[in-house]
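Asker: Data: entry-v4.txt, compact mmCIF, C-alpha atoms.
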# COMPACT_ATOMS: atom_id res chain seq x y z
CA MET A 1 111.94 139.80 92.74
CA THR A 2 112.01 142.99 94.81
CA ASN A 3 114.85 143.21 97.32
CA ILE A 4 114.03 145.13 100.49
CA ILE A 5 115.80 146.42 103.59
CA ILE A 6 113.88 146.76 106.85
CA THR A 7 114.86 149.45 109.34
CA GLY A 8 113.84 149.15 112.97
CA ALA A 9 114.31 145.41 112.49
CA ASN A 10 114.44 144.62 116.21
CA GLY A 11 111.22 146.44 117.05
CA ARG A 12 107.70 145.01 117.13
CA MET A 13 106.91 146.12 113.59
CA GLY A 14 110.33 145.14 112.31
CA GLU A 15 109.87 141.62 113.59
CA ALA A 16 106.40 141.44 112.03
CA LEU A 17 107.76 142.64 108.68
CA ILE A 18 110.53 140.05 108.67
CA ARG A 19 108.10 137.28 109.59
CA CYS A 20 105.44 138.28 107.06
CA ALA A 21 107.93 138.86 104.23
CA LYS A 22 108.49 135.09 104.11
CA GLU A 23 104.93 134.75 102.80
CA HIS A 24 105.50 137.22 99.93
CA SER A 25 107.17 135.24 97.17
CA ALA A 26 107.97 138.36 95.12
CA LEU A 27 109.89 140.01 98.00
CA ASN A 28 113.31 139.22 99.40
CA VAL A 29 114.72 140.73 102.61
CA VAL A 30 118.37 141.51 101.95
CA GLY A 31 119.04 143.68 105.00
CA LYS A 32 117.88 144.25 108.57
CA ILE A 33 118.88 147.59 110.07
CA ASP A 34 118.54 148.72 113.66
CA MET A 35 120.04 151.34 115.95
CA GLY A 36 123.75 151.82 115.25
CA ASP A 37 123.74 150.02 111.89
CA ASP A 38 124.80 151.72 108.65
CA LEU A 39 122.09 151.74 105.98
CA SER A 40 124.44 153.09 103.32
CA SER A 41 126.73 150.07 103.55
CA ILE A 42 124.12 147.63 102.21
CA LEU A 43 121.74 149.91 100.28
CA ASP A 44 123.14 148.94 96.88
CA GLN A 45 121.69 145.43 97.38
CA ALA A 46 118.11 146.71 97.69
CA ASP A 47 115.32 148.10 95.53
CA ALA A 48 113.34 149.56 98.44
CA VAL A 49 113.62 150.39 102.13
CA ILE A 50 110.79 149.95 104.63
CA ASP A 51 111.24 152.29 107.60
CA PHE A 52 109.55 151.42 110.89
CA SER A 53 112.33 152.73 113.12
CA PHE A 54 112.12 156.03 115.06
CA TYR A 55 111.05 159.45 113.84
CA GLU A 56 114.54 160.80 114.60
CA ALA A 57 116.04 158.53 111.93
CA THR A 58 113.61 158.87 109.02
CA ARG A 59 114.95 162.16 107.68
CA GLU A 60 118.45 160.73 107.29
CA PHE A 61 117.12 157.52 105.75
CA ALA A 62 115.11 159.54 103.22
CA GLU A 63 118.18 161.51 102.19
CA ILE A 64 120.27 158.34 101.84
CA CYS A 65 117.57 156.59 99.78
CA ALA A 66 117.10 159.62 97.54
CA GLU A 67 120.82 159.83 96.86
CA ALA A 68 120.88 156.14 95.92
CA GLY A 69 117.60 156.21 93.97
CA LYS A 70 115.86 153.63 96.17
CA ALA A 71 112.11 153.57 96.91
CA LEU A 72 111.18 154.34 100.50
CA ILE A 73 108.17 153.12 102.49
CA ILE A 74 107.63 155.10 105.72
CA GLY A 75 105.55 153.76 108.58
CA THR A 76 107.21 155.72 111.38
CA THR A 77 105.17 158.48 113.06
CA GLY A 78 105.81 161.41 115.39
CA HIS A 79 107.95 163.58 113.07
CA SER A 80 108.25 167.33 113.58
CA GLU A 81 106.84 169.63 110.91
CA ASP A 82 110.38 170.54 109.85
CA ASP A 83 111.33 166.88 109.43
CA LYS A 84 108.11 166.16 107.53
CA GLU A 85 108.87 168.88 104.99
CA ALA A 86 112.47 167.77 104.58
CA ILE A 87 111.41 164.16 104.05
CA LYS A 88 108.69 165.08 101.56
CA ARG A 89 111.20 167.02 99.45
CA GLN A 90 113.06 163.79 98.75
CA SER A 91 109.97 162.40 97.00
CA SER A 92 110.90 164.50 93.97
CA ARG A 93 113.80 162.09 93.48
CA ILE A 94 112.33 158.70 94.45
CA PRO A 95 108.95 156.97 94.80
CA MET A 96 107.95 157.35 98.46
CA VAL A 97 104.92 155.81 100.15
CA TRP A 98 104.14 157.52 103.45
CA ALA A 99 101.14 156.33 105.42
CA SER A 100 100.14 156.63 109.05
CA ASN A 101 98.68 153.14 108.79
CA TYR A 102 99.21 150.37 106.22
CA SER A 103 96.23 148.22 107.17
CA THR A 104 93.70 147.66 104.41
CA GLY A 105 90.95 147.95 107.01
CA VAL A 106 92.21 151.28 108.34
CA ASN A 107 92.49 152.70 104.85
CA THR A 108 88.89 151.65 104.32
CA LEU A 109 88.12 153.54 107.56
CA PHE A 110 89.80 156.63 106.08
CA TRP A 111 87.58 156.35 102.99
CA LEU A 112 84.42 155.77 105.04
CA THR A 113 85.25 158.68 107.35
CA ARG A 114 85.48 161.05 104.40
CA LYS A 115 82.20 159.83 102.93
CA ALA A 116 80.36 159.91 106.26
CA THR A 117 81.55 163.47 106.96
CA GLU A 118 80.32 164.57 103.55
CA ILE A 119 76.94 162.85 103.92
CA LEU A 120 76.17 163.76 107.55
CA GLY A 121 77.06 167.42 107.11
CA PRO A 122 77.96 170.18 109.58
CA ASP A 123 75.32 169.42 112.25
CA PHE A 124 77.21 166.42 113.63
CA ASP A 125 79.88 166.85 116.31
CA LEU A 126 83.17 165.11 115.49
CA GLU A 127 85.35 163.17 117.94
CA VAL A 128 88.30 160.81 117.42
CA ILE A 129 89.25 158.22 120.05
CA GLU A 130 92.33 156.00 119.85
CA MET A 131 94.03 153.46 122.12
CA HIS A 132 97.45 151.84 121.88
CA HIS A 133 99.84 149.80 124.02
CA ARG A 134 101.65 151.39 126.94
CA MET A 135 104.99 151.56 125.07
CA LYS A 136 103.83 153.85 122.25
CA ARG A 137 105.87 157.04 122.33
CA ASP A 138 103.75 159.56 120.42
CA ALA A 139 100.19 160.80 120.89
CA PRO A 140 97.85 161.05 119.19
CA SER A 141 98.68 158.16 116.91
CA GLY A 142 99.50 158.89 113.29
CA THR A 143 96.29 157.13 112.27
CA ALA A 144 94.19 159.29 114.60
CA ALA A 145 95.92 162.39 113.24
CA THR A 146 95.08 161.31 109.69
CA LEU A 147 91.43 160.82 110.66
CA ALA A 148 91.34 164.32 112.14
CA GLU A 149 92.96 165.72 108.99
CA ILE A 150 90.25 164.09 106.87
CA LEU A 151 87.50 165.54 109.09
CA ALA A 152 89.00 169.02 108.92
CA GLU A 153 89.57 168.83 105.17
CA VAL A 154 85.95 167.92 104.47
CA ARG A 155 84.77 170.67 106.82
CA LYS A 156 87.18 173.11 105.11
CA ALA A 157 88.73 173.98 108.48
CA GLN A 158 92.29 174.55 109.66
CA LEU A 159 92.98 171.55 111.86
CA ASP A 160 95.28 173.37 114.28
CA GLU A 161 92.50 175.89 114.92
CA VAL A 162 89.71 173.40 115.64
CA ILE A 163 91.46 170.41 117.26
CA ARG A 164 90.74 169.87 120.98
CA HIS A 165 93.00 167.39 122.77
CA GLY A 166 90.96 166.08 125.68
CA ARG A 167 88.92 168.21 128.08
CA GLU A 168 89.39 169.13 131.72
CA GLY A 169 87.72 171.56 134.07
CA ILE A 170 85.14 174.17 133.15
CA VAL A 171 85.71 174.20 129.40
CA GLY A 172 82.28 175.51 128.43
CA ALA A 173 79.88 174.12 125.89
CA ARG A 174 81.34 172.30 122.91
CA SER A 175 81.62 174.43 119.79
CA LYS A 176 80.24 173.09 116.50
CA GLU A 177 83.60 173.60 114.82
CA GLU A 178 85.90 171.69 117.15
CA ILE A 179 87.22 168.20 116.49
CA GLY A 180 87.84 166.27 119.70
CA MET A 181 90.93 164.06 120.00
CA HIS A 182 91.39 161.55 122.82
CA SER A 183 94.36 159.20 123.31
CA MET A 184 94.38 156.21 125.64
CA ARG A 185 97.40 154.05 126.48
CA GLY A 186 97.56 150.70 128.22
CA GLY A 187 98.48 147.05 128.07
CA ASP A 188 99.36 145.50 124.74
CA VAL A 189 96.64 147.07 122.56
CA VAL A 190 97.86 146.97 118.94
CA GLY A 191 95.62 149.82 117.81
CA ASP A 192 91.97 150.85 118.17
CA HIS A 193 90.47 153.86 116.37
CA THR A 194 86.94 155.24 116.49
CA VAL A 195 85.42 158.26 114.76
CA VAL A 196 82.25 159.51 116.44
CA PHE A 197 79.62 161.57 114.61
CA ALA A 198 77.14 162.81 117.25
CA ASN A 199 73.93 164.77 116.72
CA GLN A 200 70.68 165.35 118.58
CA GLY A 201 68.93 161.98 118.83
CA GLU A 202 71.49 159.88 116.96
CA ARG A 203 75.14 158.91 116.81
CA VAL A 204 77.24 157.18 114.16
CA GLU A 205 80.51 155.46 115.10
CA LEU A 206 83.11 154.05 112.72
CA THR A 207 85.59 151.75 114.44
CA HIS A 208 88.63 149.73 113.44
CA LYS A 209 90.41 147.41 115.87
CA ALA A 210 93.70 145.74 115.04
CA SER A 211 94.57 142.52 116.86
CA SER A 212 97.80 141.78 115.02
CA ARG A 213 100.67 143.86 113.66
CA ASP A 214 100.74 141.50 110.71
CA THR A 215 97.96 143.56 109.08
CA PHE A 216 100.25 146.61 109.05
CA ALA A 217 103.29 144.59 107.99
CA ASN A 218 101.55 142.94 105.04
CA GLY A 219 100.26 146.32 103.86
CA ALA A 220 103.74 147.88 104.02
CA LEU A 221 105.22 144.92 102.15
CA ARG A 222 102.54 145.29 99.49
CA ALA A 223 103.42 148.99 99.24
CA ALA A 224 107.09 148.17 98.71
CA GLY A 225 106.34 145.87 95.80
CA TRP A 226 104.08 148.54 94.30
CA ALA A 227 106.42 151.51 94.84
CA VAL A 228 109.39 150.14 92.91
CA ASN A 229 107.33 150.36 89.71
CA GLN A 230 106.27 153.99 90.23
CA SER A 231 107.75 157.31 89.17
CA PRO A 232 109.24 159.61 91.82
CA GLY A 233 106.52 161.16 93.95
CA LEU A 234 104.78 161.10 97.31
CA TYR A 235 102.14 158.36 97.57
CA SER A 236 99.79 157.06 100.25
CA MET A 237 98.38 153.64 100.98
CA GLN A 238 95.21 154.88 99.33
CA ASP A 239 97.21 155.07 96.09
CA VAL A 240 98.58 151.56 96.60
CA LEU A 241 95.06 150.20 97.10
CA GLY A 242 93.61 152.19 94.22
CA LEU A 243 91.21 154.13 96.47
CA THR A 244 92.21 157.59 95.28
Produce structure tokens that represent the structure in this file.

Answerer:
Amino acid sequence: MTNIIITGANGRMGEALIRCAKEHSALNVVGKIDMGDDLSSILDQADAVIDFSFYEATREFAEICAEAGKALIIGTTGHSEDDKEAIKRQSSRIPMVWASNYSTGVNTLFWLTRKATEILGPDFDLEVIEMHHRMKRDAPSGTAATLAEILAEVRKAQLDEVIRHGREGIVGARSKEEIGMHSMRGGDVVGDHTVVFANQGERVELTHKASSRDTFANGALRAAGWAVNQSPGLYSMQDVLGLT
């Protein structure tokens, strides 16, 4: 039995994690943490922590987990580069799974995006489109950012040099190198992501649409059960699924 603590327990994802955990017989929720609660006070009861709180809190949670030797699963997005580096350093002390999206389908999309970019080559223009509910705080989504990172990596480009967030006015013709990024917000959309490969005379689109947060919750719970048996290090959902 793997004992877990869920942070951000009162949020949408926290509620989904608590609900879905009941269906995982090998997992036991021993703590539910939200704003103002003290993780340290109950951490000794757990084997792993699943963090779906706010980006402002993850760095502290990572330090606390590393000090206690507890596995950490991170689903929160929107961290600054400084926070990202500080959090990653703690993975030298504990197993840490950090993914922008824990859905099996989305991780398949990551894999397909890499393969399609390799096969289609440099003649195709690359665009990423994502949509989420009106309450989402960060843009682009962590999943969309990961898709752009994959595109840039395959193209051997520096993402910050080729990314183009939306277009307005007389922007000129599209360059072959740029990767377009477009974020839409509205309603209660759980998460839609599309990668567009466009060339003269043809277009390829890879799309994933999530209709329930349970897909993300079940993936994160699966990652927690997997992580407690790993050595210290930084892992992704691709590692959990054996896609690497």

Asker: Closest to Ile18 (chain A) among A:Ala227, A:Leu221, A:Val190, A:Met237, using all atoms listed in the file?

Answerer: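 The closest residue to Ile18 (chain A) is A:Leu221.
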
Asker: Write out as JSON an axis-aligned box for region 72-78 of chain A: all of its atoms listed in the file, 3 Å added on each side, centre and edge lengths in Å with one decimal.

Answerer:
{"center_x": 108.2, "center_y": 157.3, "center_z": 107.9, "size_x": 12.0, "size_y": 14.3, "size_z": 20.9}

Asker: Of the candidates A:Glu23, A:Glu60, A:Glu177, A:Glu67, which shows the shortest atom-to-atom distance to Ala86 (chain A), using only C-alpha atoms?

Answerer: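 Looking only at the distances to Ala86 (chain A), the closest residue turns out to be A:Glu60.
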
Asker: So, with all atoms listed in the file as the atoms that count, which of A:Val195, A:Ala66, A:Ile5, A:Leu72 lies closest to Ser41 (chain A)?

Answerer: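 Once distances to Ser41 (chain A) are computed over all atoms listed in the file, the minimum belongs to A:Ile5.
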
Asker: Quick one: of A:Arg174, A:Arg134, A:Lys84, A:Arg222, who's nearest to Ala21 (chain A), counting all atoms listed in the file?

Answerer: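 Ranking A:Arg174, A:Arg134, A:Lys84, A:Arg222 by distance to Ala21 (chain A), first place goes to A:Arg222.
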
Asker: Can you list, as a ChimeraX atom specification, every protein, DNA or RNA residue that comes within 9 Å of region 159-173 of chain A when you count only C-alpha atoms, leaving out same-chain residues fewer than 3 positions away?

Answerer: /A:140,148-149,151-153,177-183

Asker: Between CA of Leu109 (chain A) and CA of Leu241 (chain A), what is the distance in Å, rounded to a tenth?

Answerer: 13.0 Å

Asker: Might you pull out every residue within 10 Å of His208 (chain A), with only C-alpha atoms counted and same-chain residues fewer than 3 positions away left off, and present them as a compact mmCIF listing (two decimals) with C-alpha atoms, in the frame of the given file?

Answerer:
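Written out: selection.txt:
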# COMPACT_ATOMS: atom_id res chain seq x y z
CA SER A 103 96.23 148.22 107.17
CA GLY A 105 90.95 147.95 107.01
CA VAL A 106 92.21 151.28 108.34
CA ASN A 107 92.49 152.70 104.85
CA THR A 108 88.89 151.65 104.32
CA LEU A 109 88.12 153.54 107.56
CA GLU A 130 92.33 156.00 119.85
CA GLY A 191 95.62 149.82 117.81
CA ASP A 192 91.97 150.85 118.17
CA HIS A 193 90.47 153.86 116.37
CA THR A 194 86.94 155.24 116.49
CA VAL A 195 85.42 158.26 114.76
CA SER A 211 94.57 142.52 116.86
